[in-house]
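Below: coords-v7.cif (mmCIF, C-alpha atoms)
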```cif
data_query
#
loop_
_atom_site.label_atom_id
_atom_site.label_comp_id
_atom_site.auth_asym_id
_atom_site.auth_seq_id
_atom_site.Cartn_x
_atom_site.Cartn_y
_atom_site.Cartn_z
CA MET A 666 110.14 77.37 78.60
CA SER A 667 113.29 77.46 80.72
CA GLU A 668 112.89 76.37 84.31
CA VAL A 669 113.49 78.91 87.06
CA SER A 670 115.59 77.67 89.98
CA GLU A 671 114.52 78.61 93.50
CA ASP A 672 117.82 77.46 94.97
CA HIS A 673 118.58 80.95 96.27
CA LEU A 674 115.23 81.36 98.05
CA PHE A 675 114.49 80.23 101.60
CA GLY A 676 112.78 76.86 101.38
CA VAL A 677 109.85 77.83 103.59
CA TYR A 678 107.02 77.33 101.10
CA ASN A 679 105.49 74.07 99.91
CA ARG A 680 104.68 75.50 96.52
CA ALA A 681 102.13 74.16 94.05
CA PRO A 682 103.71 73.25 90.69
CA ILE A 683 102.55 76.41 88.92
CA GLU A 684 104.81 79.17 87.61
CA VAL A 685 102.45 82.14 87.58
CA GLU A 686 102.56 84.60 84.71
CA ARG A 687 99.52 86.89 84.84
CA GLY A 688 95.99 87.20 86.15
CA GLU A 689 92.72 88.69 84.96
CA GLY A 690 89.63 88.77 87.14
CA THR A 691 88.95 85.26 88.42
CA ARG A 692 91.58 83.71 86.12
CA LEU A 693 95.23 82.98 86.82
CA TYR A 694 97.56 81.97 83.99
CA ASP A 695 100.81 80.06 84.28
CA ARG A 696 103.89 80.53 82.09
CA SER A 697 102.75 77.82 79.71
CA GLY A 698 99.51 79.70 79.11
CA ARG A 699 97.23 77.36 81.05
CA SER A 700 94.24 79.05 82.68
CA PHE A 701 93.00 78.32 86.20
CA LEU A 702 89.83 79.46 87.92
CA ASP A 703 91.42 81.11 90.94
CA PHE A 704 89.47 80.64 94.17
CA VAL A 705 92.52 81.41 96.29
CA GLN A 706 93.07 84.99 95.07
CA GLY A 707 96.18 85.56 97.16
CA ILE A 708 94.32 84.05 100.15
CA ALA A 709 91.26 86.31 100.14
CA THR A 710 93.38 89.32 99.18
CA ASN A 711 92.37 90.13 95.60
CA GLY A 712 88.87 91.21 96.56
CA LEU A 713 88.23 92.60 93.09
CA GLY A 714 90.10 89.86 91.25
CA HIS A 715 93.41 90.00 89.42
CA ALA A 716 94.47 93.28 87.80
CA ALA A 717 91.21 95.07 88.59
CA PRO A 718 91.09 98.09 86.23
CA VAL A 719 90.11 100.53 88.99
CA LEU A 720 93.18 99.52 91.01
CA VAL A 721 95.51 99.54 88.01
CA GLU A 722 94.37 103.08 87.27
CA ALA A 723 94.84 104.20 90.89
CA VAL A 724 98.36 102.80 91.25
CA THR A 725 99.45 104.08 87.83
CA LYS A 726 98.19 107.59 88.48
CA GLN A 727 99.76 107.81 91.94
CA ALA A 728 103.05 106.24 90.82
CA GLN A 729 103.55 109.20 88.50
CA LYS A 730 103.24 111.64 91.42
CA LEU A 731 104.66 110.29 94.69
CA TRP A 732 105.47 106.81 95.98
CA HIS A 733 106.94 107.25 99.41
CA VAL A 734 107.51 109.95 101.96
CA SER A 735 108.26 109.75 105.68
CA ASN A 736 105.46 109.82 108.22
CA ILE A 737 107.08 112.91 109.72
CA PHE A 738 105.07 114.71 107.02
CA THR A 739 101.32 114.86 106.54
CA ILE A 740 100.12 112.35 103.94
CA PRO A 741 96.63 113.52 102.86
CA GLY A 742 95.56 110.07 101.63
CA GLN A 743 95.90 108.69 105.16
CA ALA A 744 93.38 111.11 106.60
CA GLU A 745 91.02 110.53 103.67
CA LEU A 746 91.06 106.74 103.97
CA ALA A 747 90.95 106.85 107.78
CA ASN A 748 87.88 109.09 107.61
CA LYS A 749 86.14 106.65 105.26
CA LEU A 750 87.01 103.60 107.39
CA SER A 751 85.85 105.33 110.57
CA ALA A 752 82.60 106.55 109.01
CA ALA A 753 81.84 102.99 107.88
CA SER A 754 82.66 101.28 111.18
CA PHE A 755 82.72 101.56 114.97
CA ALA A 756 86.15 103.22 114.89
CA ASP A 757 87.33 106.76 115.56
CA GLN A 758 91.01 106.43 114.68
CA VAL A 759 93.23 104.36 112.36
CA PHE A 760 96.90 103.41 112.13
CA PHE A 761 98.11 102.19 108.73
CA THR A 762 100.52 99.28 108.32
CA ASN A 763 101.92 97.20 105.47
CA SER A 764 100.25 93.91 106.39
CA GLY A 765 97.74 92.15 108.57
CA THR A 766 100.44 90.86 110.88
CA GLU A 767 101.63 94.41 111.49
CA ALA A 768 98.04 95.45 112.24
CA VAL A 769 97.88 92.66 114.84
CA GLU A 770 101.18 93.82 116.38
CA CYS A 771 99.75 97.33 116.62
CA ALA A 772 96.60 96.02 118.31
CA ILE A 773 98.62 94.06 120.87
CA LYS A 774 100.74 97.10 121.71
CA LEU A 775 97.66 99.31 121.82
CA ALA A 776 95.89 97.02 124.30
CA ARG A 777 98.84 96.87 126.66
CA LYS A 778 99.50 100.61 126.38
CA TYR A 779 95.84 101.32 127.11
CA HIS A 780 96.15 99.73 130.54
CA SER A 781 99.68 100.98 131.21
CA ALA A 782 98.58 104.56 130.57
CA ARG A 783 96.03 104.05 133.36
CA GLY A 784 98.70 102.89 135.77
CA ASP A 785 97.93 99.18 135.47
CA ASP A 786 101.08 97.69 133.92
CA GLN A 787 100.26 94.16 135.04
CA ARG A 788 97.42 93.99 132.51
CA ALA A 789 99.37 92.59 129.57
CA ASP A 790 97.82 89.21 128.71
CA ILE A 791 96.10 88.87 125.34
CA ILE A 792 93.52 86.05 125.38
CA THR A 793 93.34 84.19 122.07
CA PHE A 794 91.77 80.98 120.77
CA GLN A 795 92.76 77.61 119.42
CA GLY A 796 92.45 77.46 115.65
CA ALA A 797 93.31 81.14 115.31
CA PHE A 798 95.77 82.61 112.83
CA HIS A 799 97.02 86.13 113.45
CA GLY A 800 100.19 86.22 111.36
CA ARG A 801 103.82 85.07 111.40
CA THR A 802 105.78 87.41 113.66
CA LEU A 803 106.85 86.00 117.02
CA ALA A 804 104.00 87.75 118.82
CA ALA A 805 101.45 86.74 116.18
CA VAL A 806 102.40 83.05 116.14
CA THR A 807 102.39 82.99 119.92
CA ALA A 808 98.92 84.50 119.84
CA GLY A 809 97.74 81.90 117.32
CA GLY A 810 99.17 79.07 119.39
CA TYR A 811 99.66 76.69 116.45
CA GLU A 812 102.53 74.45 117.49
CA PRO A 813 104.28 73.98 114.10
CA TYR A 814 104.53 77.78 113.73
CA ILE A 815 106.09 78.18 117.19
CA THR A 816 108.42 75.21 117.54
CA GLY A 817 112.12 75.93 117.13
CA PHE A 818 111.98 79.68 117.65
CA GLY A 819 113.04 79.70 121.28
CA PRO A 820 110.95 80.52 124.35
CA ARG A 821 107.39 81.57 123.69
CA LEU A 822 106.70 85.22 124.25
CA PRO A 823 104.93 85.83 127.57
CA GLY A 824 101.63 87.62 127.78
CA PHE A 825 99.40 85.32 125.71
CA VAL A 826 96.71 82.93 126.97
CA ASN A 827 95.37 80.53 124.37
CA VAL A 828 92.08 78.77 125.15
CA SER A 829 89.38 76.78 123.37
CA LEU A 830 86.30 78.51 121.99
CA ASP A 831 84.37 75.49 123.23
CA ASP A 832 85.43 75.97 126.86
CA PRO A 833 83.46 78.92 128.30
CA ASP A 834 84.76 78.29 131.81
CA ALA A 835 88.37 78.62 130.65
CA ILE A 836 87.53 81.78 128.73
CA LYS A 837 85.83 83.29 131.76
CA ALA A 838 88.73 82.38 134.04
CA ALA A 839 91.26 83.93 131.65
CA ALA A 840 89.21 87.11 131.27
CA SER A 841 88.81 87.57 135.02
CA ALA A 842 92.55 87.25 135.73
CA PRO A 843 94.16 90.46 137.04
CA THR A 844 96.75 90.29 134.23
CA ALA A 845 94.21 90.16 131.38
CA ALA A 846 94.34 93.07 128.92
CA ALA A 847 92.27 92.05 125.91
CA ILE A 848 90.49 89.28 124.04
CA MET A 849 91.48 88.86 120.38
CA VAL A 850 89.33 86.76 118.05
CA GLU A 851 88.45 86.27 114.39
CA PRO A 852 84.64 86.52 113.93
CA VAL A 853 85.14 83.95 111.18
CA GLN A 854 88.27 81.86 111.51
CA GLY A 855 90.00 81.45 108.17
CA GLU A 856 93.03 79.20 108.55
CA GLY A 857 91.26 77.49 111.44
CA GLY A 858 88.76 75.74 109.17
CA ALA A 859 86.32 78.54 108.22
CA ARG A 860 84.58 78.46 111.60
CA ALA A 861 82.05 81.28 111.94
CA LEU A 862 81.44 82.26 115.54
CA THR A 863 77.79 82.54 116.52
CA ASP A 864 76.19 85.81 117.56
CA ALA A 865 75.89 84.41 121.09
CA GLU A 866 79.61 83.55 121.22
CA LEU A 867 80.62 87.04 120.11
CA GLN A 868 78.21 88.68 122.54
CA ALA A 869 79.57 86.55 125.38
CA LEU A 870 83.08 87.80 124.61
CA ARG A 871 81.85 91.39 124.52
CA ASP A 872 80.17 90.93 127.89
CA LEU A 873 83.31 89.42 129.43
CA CYS A 874 85.37 92.38 128.23
CA ASP A 875 82.86 94.87 129.59
CA ASP A 876 82.60 93.08 132.94
CA ASN A 877 86.37 92.86 133.39
CA GLY A 878 87.58 96.09 131.82
CA LEU A 879 89.24 94.42 128.82
CA LEU A 880 89.48 95.53 125.21
CA LEU A 881 87.82 93.38 122.56
CA ILE A 882 89.95 93.01 119.41
CA PHE A 883 88.46 91.59 116.22
CA ASP A 884 90.85 90.23 113.62
CA GLU A 885 88.98 90.78 110.35
CA ILE A 886 92.03 90.53 108.15
CA GLN A 887 90.50 87.67 106.16
CA CYS A 888 86.78 87.86 106.94
CA GLY A 889 86.40 91.66 106.70
CA MET A 890 86.19 94.04 103.74
CA GLY A 891 82.96 92.59 102.35
CA ARG A 892 83.89 88.91 102.33
CA SER A 893 81.16 87.91 104.80
CA GLY A 894 78.41 89.69 102.85
CA LYS A 895 78.61 92.79 105.02
CA LEU A 896 81.45 95.28 104.98
CA TRP A 897 82.59 93.96 108.37
CA ALA A 898 81.86 90.48 109.66
CA TYR A 899 80.99 91.84 113.12
CA GLU A 900 77.96 93.58 111.62
CA HIS A 901 76.13 90.25 111.32
CA SER A 902 76.00 89.99 115.13
CA GLY A 903 75.78 93.67 116.01
CA VAL A 904 78.62 93.14 118.49
CA GLN A 905 81.16 95.94 118.15
CA PRO A 906 84.83 95.62 119.08
CA ASP A 907 87.11 98.24 120.60
CA VAL A 908 89.88 97.45 118.13
CA MET A 909 89.88 95.79 114.70
CA CYS A 910 92.68 94.58 112.43
CA ILE A 911 92.14 94.63 108.66
CA ALA A 912 94.32 94.08 105.59
CA LYS A 913 94.15 91.74 102.55
CA ALA A 914 91.28 93.08 100.39
CA LEU A 915 91.88 96.62 101.70
CA GLY A 916 94.66 96.84 99.10
CA GLY A 917 93.20 94.40 96.59
CA GLY A 918 96.63 92.76 96.34
CA PHE A 919 98.73 95.80 97.24
CA PRO A 920 100.34 95.54 100.72
CA ILE A 921 98.13 97.53 103.10
CA GLY A 922 96.94 96.85 106.63
CA ALA A 923 95.24 98.93 109.28
CA CYS A 924 94.47 98.90 112.98
CA LEU A 925 91.13 100.58 113.73
CA ALA A 926 90.11 101.62 117.24
CA THR A 927 87.78 103.75 119.28
CA ARG A 928 89.32 106.97 120.55
CA GLU A 929 89.18 105.59 124.08
CA ALA A 930 90.98 102.35 123.17
CA ALA A 931 93.67 104.25 121.26
CA SER A 932 94.18 106.85 123.99
CA GLY A 933 97.54 105.42 125.05
CA MET A 934 98.99 105.61 121.53
CA VAL A 935 100.58 109.04 121.83
CA VAL A 936 103.52 110.55 119.94
CA GLY A 937 106.48 108.20 119.86
CA THR A 938 104.70 105.03 120.99
CA HIS A 939 104.44 103.44 117.53
CA GLY A 940 105.43 104.04 113.95
CA SER A 941 106.18 102.61 110.52
CA THR A 942 108.55 103.48 107.69
CA PHE A 943 106.30 102.36 104.85
CA GLY A 944 102.89 102.16 106.51
CA GLY A 945 100.40 104.59 105.02
CA ASN A 946 102.63 105.61 102.10
CA PRO A 947 100.96 107.65 99.32
CA LEU A 948 100.97 104.75 96.84
CA ALA A 949 99.27 102.42 99.31
CA MET A 950 96.70 105.02 100.27
CA ALA A 951 95.74 105.66 96.64
CA VAL A 952 95.14 101.95 96.08
CA GLY A 953 93.35 101.56 99.41
CA LEU A 954 90.98 104.39 98.62
CA ALA A 955 90.16 102.85 95.25
CA ALA A 956 89.66 99.35 96.70
CA PHE A 957 87.53 100.56 99.60
CA GLY A 958 85.47 102.70 97.27
CA GLU A 959 84.52 99.67 95.20
CA ILE A 960 84.11 97.08 97.96
CA SER A 961 81.96 99.33 100.13
CA LYS A 962 79.39 99.82 97.37
CA PRO A 963 76.00 98.29 98.30
CA GLU A 964 75.73 96.59 94.91
CA LEU A 965 79.00 94.72 95.46
CA LEU A 966 77.93 93.55 98.92
CA ASP A 967 74.58 92.49 97.42
CA ASN A 968 76.53 90.45 94.88
CA VAL A 969 78.49 88.71 97.65
CA ASN A 970 75.26 87.70 99.37
CA ARG A 971 73.54 86.57 96.19
CA VAL A 972 76.42 84.61 94.71
CA SER A 973 77.55 83.13 98.03
CA GLY A 974 74.01 81.87 98.62
CA TYR A 975 74.03 80.27 95.19
CA LEU A 976 77.48 78.77 95.74
CA ARG A 977 76.54 77.31 99.11
CA GLN A 978 73.37 75.82 97.62
CA GLN A 979 75.40 74.19 94.86
CA LEU A 980 77.98 72.89 97.34
CA GLU A 981 75.29 71.42 99.58
CA GLY A 982 73.97 69.62 96.52
CA LEU A 983 77.48 68.38 95.78
CA LYS A 984 77.74 67.16 99.38
CA ASP A 985 74.56 65.10 98.94
CA ALA A 986 75.86 63.65 95.67
CA TRP A 987 79.36 62.95 97.00
CA PRO A 988 79.00 61.82 100.66
CA ASP A 989 82.36 60.05 100.44
CA MET A 990 84.06 63.36 99.62
CA ILE A 991 82.33 66.15 101.58
CA ASP A 992 81.60 66.07 105.29
CA GLU A 993 80.43 69.67 105.87
CA VAL A 994 80.10 73.06 104.18
CA ARG A 995 80.81 76.00 106.48
CA GLY A 996 81.93 79.62 106.63
CA LYS A 997 80.17 82.90 105.89
CA GLY A 998 79.69 84.78 102.63
CA LEU A 999 82.51 84.13 100.20
CA LEU A 1000 84.76 82.73 102.91
CA VAL A 1001 83.67 79.17 102.21
CA GLY A 1002 85.04 76.14 104.03
CA ILE A 1003 84.50 72.57 102.87
CA LYS A 1004 85.46 69.85 105.33
CA VAL A 1005 86.46 66.96 103.10
CA LYS A 1006 86.88 63.24 103.79
CA PRO A 1007 89.99 62.56 101.66
CA ASN A 1008 93.16 64.35 102.73
CA ASN A 1009 92.60 68.01 101.95
CA ARG A 1010 95.97 68.26 100.18
CA GLU A 1011 94.86 65.52 97.80
CA VAL A 1012 91.65 67.44 97.11
CA MET A 1013 93.58 70.64 96.44
CA ALA A 1014 95.89 68.83 94.01
CA ALA A 1015 93.01 67.12 92.18
CA ALA A 1016 91.16 70.42 91.91
CA ARG A 1017 94.28 72.08 90.54
CA ASP A 1018 94.64 69.35 87.92
CA ALA A 1019 91.01 70.02 86.96
CA GLY A 1020 91.71 73.75 86.58
CA LEU A 1021 90.44 75.06 89.96
CA LEU A 1022 92.67 76.65 92.60
CA ILE A 1023 91.48 76.34 96.21
CA ALA A 1024 93.19 76.98 99.55
CA GLY A 1025 93.80 74.67 102.49
CA GLY A 1026 92.79 75.03 106.11
CA SER A 1027 92.78 73.28 109.46
CA ASP A 1028 90.33 70.51 110.38
CA ASN A 1029 90.92 68.93 106.95
CA CYS A 1030 89.12 71.78 105.20
CA VAL A 1031 89.63 73.36 101.83
CA ARG A 1032 88.62 76.96 101.34
CA MET A 1033 87.04 78.83 98.46
CA LEU A 1034 88.08 82.51 98.54
CA PRO A 1035 87.01 83.96 95.19
CA PRO A 1036 86.85 87.66 94.32
CA LEU A 1037 83.82 89.49 95.68
CA ASN A 1038 82.59 90.35 92.17
CA LEU A 1039 82.27 86.64 91.34
CA THR A 1040 79.42 85.75 88.98
CA GLU A 1041 76.98 82.88 89.34
CA ALA A 1042 78.37 81.40 86.13
CA GLU A 1043 81.87 81.34 87.63
CA ALA A 1044 80.52 79.83 90.86
CA ARG A 1045 78.78 77.14 88.84
CA GLU A 1046 81.98 76.47 86.90
CA ALA A 1047 83.93 76.08 90.14
CA VAL A 1048 81.47 73.52 91.49
CA GLY A 1049 81.72 71.59 88.22
CA LEU A 1050 85.52 71.57 88.41
CA LEU A 1051 85.42 70.44 92.04
CA GLU A 1052 83.13 67.58 91.04
CA LYS A 1053 85.61 66.68 88.32
CA ALA A 1054 88.30 66.55 91.00
CA PHE A 1055 86.14 64.23 93.10
CA GLU A 1056 85.67 61.97 90.09
CA SER A 1057 89.42 61.65 89.66
CA LEU A 1058 89.93 60.95 93.37
CA ARG A 1059 87.25 58.27 93.39
CA ALA A 1060 88.72 56.66 90.28
CA ALA A 1061 92.18 56.68 91.85
CA ALA A 1062 90.82 55.06 95.01
CA LYS A 1063 89.09 52.32 93.04
CA SER A 1064 92.26 51.72 91.04
CA LYS A 1065 94.19 51.16 94.27
CA GLU A 1066 91.56 48.72 95.51
CA THR A 1067 91.78 46.57 92.39
CA ALA A 1068 95.57 46.73 92.06
#
```
Starting from the coordinates I provided, produce the structure as structure tokens.
Amino acid sequence: MSEVSEDHLFGVYNRAPIEVERGEGTRLYDRSGRSFLDFVQGIATNGLGHAAPVLVEAVTKQAQKLWHVSNIFTIPGQAELANKLSAASFADQVFFTNSGTEAVECAIKLARKYHSARGDDQRADIITFQGAFHGRTLAAVTAGGYEPYITGFGPRLPGFVNVSLDDPDAIKAAASAPTAAAIMVEPVQGEGGARALTDAELQALRDLCDDNGLLLIFDEIQCGMGRSGKLWAYEHSGVQPDVMCIAKALGGGFPIGACLATREAASGMVVGTHGSTFGGNPLAMAVGLAAFGEISKPELLDNVNRVSGYLRQQLEGLKDAWPDMIDEVRGKGLLVGIKVKPNNREVMAAARDAGLLIAGGSDNCVRMLPPLNLTEAEAREAVGLLEKAFESLRAAAKSKETA
């Protein structure tokens, strides 16, 4: 196998030493033919696994008809998918994007335009939380507040207030400021260490928005589309947002994002206020319709709840057996966080050597983000491979001690 040089690519990724070739379901294969159990799945994106037949069929059929057309024309698939998303959620209207970051950008603009259209231009601040991840554009990294993603890109964009979820007084003060426009939060933080907000925390944010005339924005890019065990993570609490950002599993690996909103929240988004060249293109809509059709089925959501319960039970058992490796198991549904005691990068590497791919996260967590149609047998296999990784780490530690 000849090596492929990445000399002509920006060096912005710390890549794992795998040259990917193909995928099938939960399996990812490298160019040498080695198989990995993939619990990254494009970072919670391949909700139906690699090369899901229903998605392959949808993209193939649509590719033979029409790929792209300008949004100056009516694209029937947009209305069809928007109707399905609205019927299955709090929302009345939808704007389609190419990614989760673009959906976040739309939500930020929507929130500010909402207040501006009512003659209150000073309401521009978006309140966000430490540990959040909302994407990589300048506005999104400013919203997330993670220093390494912001440093070196010039002055921070104004209009963002980043506070701790554990400081209710700071949240209340930010929400009551005359410049506050919206609160944006992930019901289950992904990159931030798989922290699931409690029902009480989400309700408190809803109450603050209602009391102060703010919009509540939920970022369900990672935790939505069935990953929590319900179609939308907010359904666990019963707390409804005014705006919601989704992406990832909406396209099952194809680039699709969407900003959902109530008609009232979206009232400022009139002709000319926003747009996209590729967002909502016919090819994306065909795949989105197929992915949503599968993920929204009750039997698939039942599978998420059943298998995630089994996986968590197995991981809790692993925690008891390996107290020097696991500190805590957290998350919701098949967004599973494991706070580990060794460096999480070392755990990821050892798991990869054992044949299991897992993602990283803040607070020294690793994340398991398997497809939503995962079987109990595959969950059991993953736990076994993770234990194998722990065995190798423990052996390496003992070897260092005796050296």
Separation of atom CA of Arg860 of chain A from atom CA of Pro963 of chain A in Å: 25.4 Å
Identify all residues satisfying the PyMOL selection byres ((chain A and resi 928) around 10) in the given file; provide them as a list in words. Ala756, Asp757, Gln758, Val759, Asp907, Val908, Leu925, Ala926, Thr927, Glu929, Ala930, Ala931, Ser932, Gly933 and Met934 of chain A
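Interatomic distance, atom CA of Lys726 of chain A against atom CA of Ala951 of chain A: 8.7 Å.
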I'd like the contact shell of Gly1026 of chain A - 7 Å cut-off, all atoms listed in the file, skipping same-chain residues fewer than 4 positions apart - returned as a PyMOL selection string. chain A and resi 856-858+1030-1032
Hits from the PyMOL selection byres ((chain A and resi 861) around 10), listed as a PyMOL selection string: chain A and resi 851-855+857-860+862-864+866+888+893+898+995-997+1000+1002
Work out how far atom CA of Phe883 of chain A is from atom CA of Ala869 of chain A, in Å to one decimal. 13.7 Å
Considering only C-alpha atoms, state which residue in the set A:Asp672, A:Asp872, A:Glu1052, A:Glu1046 is at the smallest distance from Trp987 of chain A. A:Glu1052
Between A:Ala914, A:Leu1021, A:Leu881, A:Ala717, which one has atoms that come closest to Glu1043 of chain A, using all atoms listed in the file?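 Checking each candidate against Glu1043 of chain A, we get A:Leu1021 as the closest.
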Would you kindly translate the PyMOL selection byres ((chain A and resi 745) around 12) into the concrete residues it picks from this file, as a PyMOL selection string? chain A and resi 739-744+746-752+758-759+945+947+950-951+953-955+957-958
Output C-alpha atoms for every residue in the selection just made, as a short mmCIF file (atom, residue, chain, number, x, y, z; two decimals), in the frame of the given file.
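File written: out-v7.cif
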```
data_model
loop_
_atom_site.label_atom_id
_atom_site.label_comp_id
_atom_site.auth_asym_id
_atom_site.auth_seq_id
_atom_site.Cartn_x
_atom_site.Cartn_y
_atom_site.Cartn_z
CA THR A 739 101.32 114.86 106.54
CA ILE A 740 100.12 112.35 103.94
CA PRO A 741 96.63 113.52 102.86
CA GLY A 742 95.56 110.07 101.63
CA GLN A 743 95.90 108.69 105.16
CA ALA A 744 93.38 111.11 106.60
CA LEU A 746 91.06 106.74 103.97
CA ALA A 747 90.95 106.85 107.78
CA ASN A 748 87.88 109.09 107.61
CA LYS A 749 86.14 106.65 105.26
CA LEU A 750 87.01 103.60 107.39
CA SER A 751 85.85 105.33 110.57
CA ALA A 752 82.60 106.55 109.01
CA GLN A 758 91.01 106.43 114.68
CA VAL A 759 93.23 104.36 112.36
CA GLY A 945 100.40 104.59 105.02
CA PRO A 947 100.96 107.65 99.32
CA MET A 950 96.70 105.02 100.27
CA ALA A 951 95.74 105.66 96.64
CA GLY A 953 93.35 101.56 99.41
CA LEU A 954 90.98 104.39 98.62
CA ALA A 955 90.16 102.85 95.25
CA PHE A 957 87.53 100.56 99.60
CA GLY A 958 85.47 102.70 97.27
#
```
From the list A:Ser841, A:Ser829, A:Thr766, A:Gln706, the nearest residue to Glu885 of chain A using all atoms listed in the file is A:Thr766
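In this comparison, which uses all atoms listed in the file, the residue of A:Leu1037, A:Cys924, A:Leu775, A:Val719 approaching Glu964 of chain A most closely is A:Leu1037.
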Which residues are close to Arg892 of chain A, i.e. within 6 Å by only C-alpha atoms, leaving aside same-chain residues fewer than 2 positions away? Reply as a ChimeraX atom specification. /A:888-890,894,998-999
Would you export the selected residues with C-alpha atoms as a CSV table (one decimal), keeping the file's coordinate frame, please?
```csv
chain,number,residue,atom,x,y,z
A,888,CYS,CA,86.8,87.9,106.9
A,889,GLY,CA,86.4,91.7,106.7
A,890,MET,CA,86.2,94.0,103.7
A,894,GLY,CA,78.4,89.7,102.8
A,998,GLY,CA,79.7,84.8,102.6
A,999,LEU,CA,82.5,84.1,100.2
```
When you look at Ala776 of chain A with a cut-off of 9 Å (counting all atoms listed in the file), what residues show up, excluding the ones that are within fewer than 3 positions of it in the same chain? I need them as a list in words.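 The residues satisfying every condition are Cys771, Ala772, Ile773, Tyr779, His780, Ser781, Arg788, Ala789, Ile791, Ala846, Ala847, Leu879, Leu880, Ile882, Val908, Ala930, Ala931 and Gly933 of chain A.
Distances from A:Leu966, A:Gly974, A:Phe943, A:Ala1042 to Ile737 of chain A were compared using all atoms listed in the file, and the smallest one belongs to A:Phe943.
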Using all atoms listed in the file, pick whichever of A:Gly707, A:Ser1027, A:Ile792, A:Ala716 has the shortest atom-to-atom distance to Gly690 of chain A.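 The answer is A:Ala716, which sits nearest to Gly690 of chain A.
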Residue contacts of Gln868 of chain A (10 Å, only C-alpha atoms) excluding same-chain residues fewer than 5 positions away, as an MDAnalysis selection string: chainID A and resid 863 873:874 902:905
Write out, as a JSON list (two decimals), keeping the file's coordinate frame, the residues just selected, with C-alpha atoms.
```
[["chain", "number", "residue", "atom", "x", "y", "z"],
["A", 863, "THR", "CA", 77.79, 82.54, 116.52],
["A", 873, "LEU", "CA", 83.31, 89.42, 129.43],
["A", 874, "CYS", "CA", 85.37, 92.38, 128.23],
["A", 902, "SER", "CA", 76.00, 89.99, 115.13],
["A", 903, "GLY", "CA", 75.78, 93.67, 116.01],
["A", 904, "VAL", "CA", 78.62, 93.14, 118.49],
["A", 905, "GLN", "CA", 81.16, 95.94, 118.15]]
```
Using only C-alpha atoms, determine which residues lie at most 6 Å from Ile991 of chain A, disregarding the query and same-chain residues fewer than 3 positions distant; provide the list as number ranges by chain. A: 984, 988, 1005-1006
